[in-house]
file structure.cif (mmCIF, C-alpha atoms and all ligand atoms)
data_model
loop_
_atom_site.label_atom_id
_atom_site.label_comp_id
_atom_site.auth_asym_id
_atom_site.auth_seq_id
_atom_site.Cartn_x
_atom_site.Cartn_y
_atom_site.Cartn_z
CA MET A 1 0.00 0.00 0.00
CA LYS A 2 1.29 3.42 -0.93
CA THR A 3 0.41 6.58 0.97
CA ASN A 4 -0.92 9.19 -1.40
CA GLN A 5 -3.33 12.09 -1.65
CA THR A 6 -6.34 12.83 -3.79
CA LEU A 7 -8.44 15.85 -4.70
CA ILE A 8 -12.16 15.52 -4.03
CA LEU A 9 -14.81 17.96 -5.19
CA ILE A 10 -18.38 17.78 -4.03
CA LYS A 11 -19.91 19.20 -7.19
CA PRO A 12 -22.68 21.85 -7.34
CA ASP A 13 -25.46 19.22 -7.61
CA GLY A 14 -24.22 17.69 -4.35
CA LEU A 15 -24.38 21.05 -2.58
CA LYS A 16 -27.75 21.96 -4.08
CA LYS A 17 -29.19 18.63 -2.91
CA SER A 18 -27.70 19.04 0.61
CA LEU A 19 -25.59 15.93 0.16
CA THR A 20 -22.39 17.27 1.75
CA GLY A 21 -22.93 15.40 5.03
CA ASN A 22 -23.92 12.18 3.29
CA VAL A 23 -20.89 12.29 1.00
CA LEU A 24 -18.46 13.03 3.85
CA THR A 25 -19.97 10.19 5.88
CA ARG A 26 -19.49 7.77 2.98
CA LEU A 27 -15.90 9.00 2.53
CA SER A 28 -15.18 8.44 6.24
CA GLU A 29 -15.51 4.70 5.54
CA THR A 30 -12.08 4.95 3.90
CA LYS A 31 -10.51 5.94 7.28
CA LEU A 32 -8.34 8.44 5.40
CA ASP A 33 -7.31 11.84 6.80
CA ILE A 34 -8.85 15.10 5.57
CA VAL A 35 -5.86 17.43 5.23
CA ALA A 36 -7.51 20.37 3.43
CA ALA A 37 -11.05 21.60 2.88
CA LYS A 38 -12.78 24.69 1.53
CA ILE A 39 -15.87 26.01 -0.18
CA ALA A 40 -15.03 27.61 -3.53
CA GLN A 41 -16.71 29.32 -6.44
CA VAL A 42 -15.43 27.95 -9.73
CA SER A 43 -14.40 30.52 -12.32
CA LYS A 44 -14.46 29.66 -16.03
CA GLY A 45 -10.67 29.64 -16.01
CA LEU A 46 -10.46 27.19 -13.11
CA ALA A 47 -13.17 24.98 -14.63
CA GLU A 48 -11.39 24.84 -17.99
CA LYS A 49 -8.06 24.06 -16.35
CA HIS A 50 -9.57 21.38 -14.12
CA TYR A 51 -11.22 19.68 -17.12
CA SER A 52 -8.53 20.52 -19.71
CA HIS A 53 -8.25 16.81 -20.64
CA MET A 54 -11.94 16.83 -21.68
CA LYS A 55 -11.83 19.82 -24.04
CA ASP A 56 -12.41 17.77 -27.21
CA LYS A 57 -15.51 16.06 -25.80
CA PRO A 58 -18.89 17.04 -27.29
CA PHE A 59 -20.23 17.74 -23.79
CA PHE A 60 -17.32 19.99 -22.74
CA ASN A 61 -19.32 23.25 -22.63
CA GLU A 62 -22.09 21.61 -20.59
CA LEU A 63 -19.49 20.13 -18.26
CA ILE A 64 -17.94 23.57 -17.66
CA LYS A 65 -21.38 25.06 -16.92
CA TYR A 66 -22.14 22.16 -14.59
CA ILE A 67 -18.95 22.48 -12.52
CA MET A 68 -19.33 26.29 -12.40
CA GLY A 69 -22.77 25.77 -10.86
CA ASP A 70 -24.91 27.26 -13.63
CA TYR A 71 -27.51 24.52 -13.06
CA HIS A 72 -27.38 24.31 -9.28
CA LYS A 73 -25.48 26.50 -6.82
CA LYS A 74 -22.37 28.47 -7.63
CA LYS A 75 -20.14 26.58 -5.25
CA VAL A 76 -18.24 23.38 -4.73
CA MET A 77 -16.56 21.85 -1.69
CA ALA A 78 -12.93 20.97 -2.34
CA LEU A 79 -11.03 18.56 -0.11
CA VAL A 80 -7.74 16.72 -0.01
CA TYR A 81 -7.78 13.22 1.48
CA TRP A 82 -4.49 11.61 2.43
CA GLY A 83 -3.45 8.14 3.57
CA PRO A 84 -2.74 4.59 2.41
CA ASP A 85 -4.07 4.04 -1.13
CA ALA A 86 -6.15 7.23 -0.87
CA ILE A 87 -6.68 7.57 -4.64
CA LYS A 88 -7.91 4.01 -5.08
CA LYS A 89 -10.08 3.90 -1.96
CA VAL A 90 -11.86 7.14 -2.81
CA ARG A 91 -12.44 6.18 -6.46
CA GLU A 92 -13.96 2.88 -5.31
CA ILE A 93 -16.44 4.55 -3.00
CA CYS A 94 -17.32 7.13 -5.71
CA GLY A 95 -18.22 4.50 -8.32
CA SER A 96 -18.22 4.64 -12.11
CA THR A 97 -18.31 7.94 -14.00
CA ASN A 98 -21.73 7.16 -15.50
CA PRO A 99 -24.11 7.33 -12.51
CA GLU A 100 -26.50 4.84 -14.12
CA GLU A 101 -23.71 2.30 -14.48
CA ALA A 102 -22.24 2.99 -11.05
CA ASP A 103 -22.81 0.32 -8.41
CA THR A 104 -25.87 1.40 -6.43
CA VAL A 105 -24.00 1.39 -3.12
CA THR A 106 -21.41 3.92 -4.37
CA ILE A 107 -21.82 7.69 -3.98
CA ARG A 108 -22.49 8.19 -7.70
CA GLY A 109 -24.81 5.18 -7.82
CA GLN A 110 -26.78 6.47 -4.82
CA TYR A 111 -27.00 10.15 -5.66
CA GLY A 112 -26.08 10.75 -9.33
CA ARG A 113 -28.29 11.20 -12.38
CA ILE A 114 -28.01 11.87 -16.12
CA THR A 115 -29.76 15.05 -17.26
CA THR A 116 -31.93 15.30 -20.37
CA LYS A 117 -29.03 17.25 -21.91
CA GLY A 118 -26.85 14.20 -21.30
CA VAL A 119 -24.63 15.66 -18.57
CA TYR A 120 -23.53 13.15 -15.99
CA GLU A 121 -24.42 14.86 -12.71
CA ASN A 122 -22.38 12.51 -10.61
CA VAL A 123 -22.04 14.53 -7.38
CA ILE A 124 -18.35 14.01 -6.77
CA HIS A 125 -14.97 14.34 -8.44
CA ALA A 126 -11.96 12.32 -7.34
CA SER A 127 -8.47 12.19 -8.88
CA THR A 128 -7.70 9.11 -10.98
CA ASN A 129 -3.95 8.71 -10.45
CA GLU A 130 -0.97 10.33 -8.73
CA GLU A 131 -0.10 12.65 -11.64
CA GLU A 132 -3.68 13.88 -11.90
CA ALA A 133 -3.89 14.31 -8.12
CA GLU A 134 -0.74 16.44 -8.05
CA ARG A 135 -1.90 18.66 -10.91
CA GLU A 136 -5.37 19.07 -9.38
CA ILE A 137 -4.31 19.65 -5.77
CA LYS A 138 -1.85 22.34 -6.91
CA LEU A 139 -4.58 23.91 -9.01
CA TRP A 140 -7.10 24.06 -6.16
CA PHE A 141 -4.96 24.65 -3.06
CA GLU A 142 -1.99 26.69 -1.90
CA PRO A 143 0.60 24.89 0.26
CA ASN A 144 -0.48 26.69 3.44
CA ASP A 145 -4.05 25.42 3.00
CA ILE A 146 -2.89 21.81 3.47
CA ILE A 147 -1.87 20.61 6.93
CA VAL A 148 0.71 18.06 5.75
CA ASP A 149 3.69 18.57 3.43
CA ILE A 150 2.74 16.55 0.37
CA TYR A 151 4.71 18.25 -2.42
CA PRO A 152 7.91 20.33 -2.37
CA THR A 153 7.40 24.04 -1.77
CA LYS A 154 9.52 27.16 -1.94
CA THR A 155 9.33 30.32 0.11
CA ALA A 156 7.77 33.09 -1.90
CA ASP A 157 9.59 36.36 -2.60
CA ILE A 158 9.72 38.87 0.21
CA ASN A 159 6.76 40.82 -1.09
CA LYS A 160 4.49 37.82 -0.68
CA LYS A 161 3.67 35.91 2.48
CA GLY A 162 4.08 32.17 2.81
CA LYS A 163 4.98 29.45 0.38
CA THR A 164 4.21 28.69 -3.25
CA TRP A 165 4.42 25.38 -5.13
CA ALA A 166 8.04 24.77 -6.15
P1 LIG B 201 -14.30 10.84 -13.72
O1 LIG B 201 -14.99 12.06 -13.10
O2 LIG B 201 -14.96 9.55 -13.28
O3 LIG B 201 -12.81 10.84 -13.51
P2 LIG B 201 -13.85 11.75 -16.45
O4 LIG B 201 -13.77 10.86 -17.64
O5 LIG B 201 -12.59 12.37 -15.96
O6 LIG B 201 -14.58 10.91 -15.29
O7 LIG B 201 -14.93 12.87 -16.80
C1 LIG B 201 -15.02 14.05 -16.04
C2 LIG B 201 -16.50 14.40 -15.84
O8 LIG B 201 -17.11 14.65 -17.11
C3 LIG B 201 -17.35 13.27 -15.25
O9 LIG B 201 -17.25 13.18 -13.85
C4 LIG B 201 -18.73 13.65 -15.72
O10 LIG B 201 -19.29 14.69 -14.92
C5 LIG B 201 -18.45 14.20 -17.13
N1 LIG B 201 -18.57 13.14 -18.16
C6 LIG B 201 -17.65 12.18 -18.44
N2 LIG B 201 -18.04 11.41 -19.46
C7 LIG B 201 -19.25 11.89 -19.83
C8 LIG B 201 -20.19 11.50 -20.88
O11 LIG B 201 -19.98 10.55 -21.65
N3 LIG B 201 -21.32 12.24 -20.95
C9 LIG B 201 -21.59 13.29 -20.13
N4 LIG B 201 -20.74 13.69 -19.16
C10 LIG B 201 -19.60 13.00 -19.01
MG MG B 202 -11.37 12.15 -14.23
#

call {"tool": "encode", "arguments": {"input": "structure.cif", "output": "structure tokens"}}
result
Amino acid sequence: MKTNQTLILIKPDGLKKSLTGNVLTRLSETKLDIVAAKIAQVSKGLAEKHYSHMKDKPFFNELIKYIMGDYHKKKVMALVYWGPDAIKKVREICGSTNPEEADTVTIRGQYGRITTKGVYENVIHASTNEEEAEREIKLWFEPNDIIVDIYPTKTADINKKGKTWA
């Protein structure tokens, strides 16, 4: 087992449906540590960076609107979970991308749906592998927001406080 970290987003449909508590309770089954958490509003720039690997998909524009909260609430909850096999354990409890194919006891199987426009409203995002986790965690969080040292940092120039990603 390898200790690693993963970015989790409770997406706008999860917040709109008051599923935050349910999702966090399901995630606690993993016995991982929460090492960062915040509520954030997703700008177009952040949304497009987060989903940059999807930009050629026919549903890309809908996906950007979805994660920005155009259809629900304009906020997401972002978290970093850390511990043995964090990436794998969290993906397992999330279930398959398509909420109708996801095992019914997973978070996406329990709470997700497909809209008439064909968007998978699947409640939760979780990083797929270590490279994706690193890119995403650095996109969503500053080093000082995370209570463990997971990636190398450098001290920012004297005009700025704190650390930045090295
Ligand atoms: P993942 O979230 O399970 O890692 P990705 O392939 O990275 O799945 O897709 C990112 C997000 O894009 C999904 O969570 C879902 O919201 C949306 N998505 C993925 N594939 C489809 C599709 O075929 N139709 C509609 N939406 C999709
Ligand atoms: Mg993905």

call {"tool": "residues_near_ligand", "arguments": {"input": "structure.cif", "ligand": "ligand MG 202 (chain B)", "cutoff": "10 Å", "atoms": "only C-alpha atoms and all ligand atoms", "output": "list in words"}}
result
His50, Tyr51, His53, Met54, Arg91, Thr97, His125, Ala126, Ser127, Thr128, Asn129, Glu132 and Ala133 of chain A

call {"tool": "residues_around", "arguments": {"input": "structure.cif", "residues": "region 24-32 of chain A", "least_positions_apart": "5", "cutoff": "8 Å", "atoms": "all atoms listed in the file", "output": "PyMOL selection string"}}
result
chain A and resi 81-84+86+89-90+93+107

call {"tool": "atom_distance", "arguments": {"input": "structure.cif", "atom1": "CA of Thr106 (chain A)", "atom2": "CA of Val23 (chain A)"}}
result
10.0 Å

call {"tool": "residues_near_ligand", "arguments": {"input": "structure.cif", "ligand": "ligand LIG 201 (chain B)", "cutoff": "9 Å", "atoms": "all atoms listed in the file", "output": "ChimeraX atom specification"}}
result
/A:11,51,53-54,57-60,62-64,66-67,91,94-99,114-115,117-128

call {"tool": "residues_near_point", "arguments": {"input": "structure.cif", "point": "(6.4, 26.4, 0.3)", "cutoff": "12 Å", "atoms": "all atoms listed in the file", "output": "MDAnalysis selection string"}}
result
chainID A and resid 138 141:146 148:157 160:166

call {"tool": "atom_distance", "arguments": {"input": "structure.cif", "atom1": "CA of Glu136 (chain A)", "atom2": "CA of Asp33 (chain A)"}}
result
17.8 Å

call {"tool": "closest_residue", "arguments": {"input": "structure.cif", "among": "A:Thr116, A:Met68, A:Ile34, A:Ser52", "to": "Asp13 (chain A)", "atoms": "all atoms listed in the file"}}
result
A:Met68

call {"tool": "closest_residue", "arguments": {"input": "structure.cif", "among": "A:Lys44, A:Arg113, A:Lys65, A:Lys49", "to": "Leu139 (chain A)", "atoms": "all atoms listed in the file"}}
result
A:Lys49

call {"tool": "closest_residue", "arguments": {"input": "structure.cif", "among": "A:Leu19, A:Pro12, A:Asp70, A:Val80", "to": "Ala36 (chain A)", "atoms": "all atoms listed in the file"}}
result
A:Val80

call {"tool": "closest_residue", "arguments": {"input": "structure.cif", "among": "A:Asp56, A:Glu92, A:Asp85, A:Glu48", "to": "Met1 (chain A)", "atoms": "all atoms listed in the file"}}
result
A:Asp85

call {"tool": "atom_distance", "arguments": {"input": "structure.cif", "atom1": "CA of Asn4 (chain A)", "atom2": "CA of Ser43 (chain A)"}}
result
27.5 Å
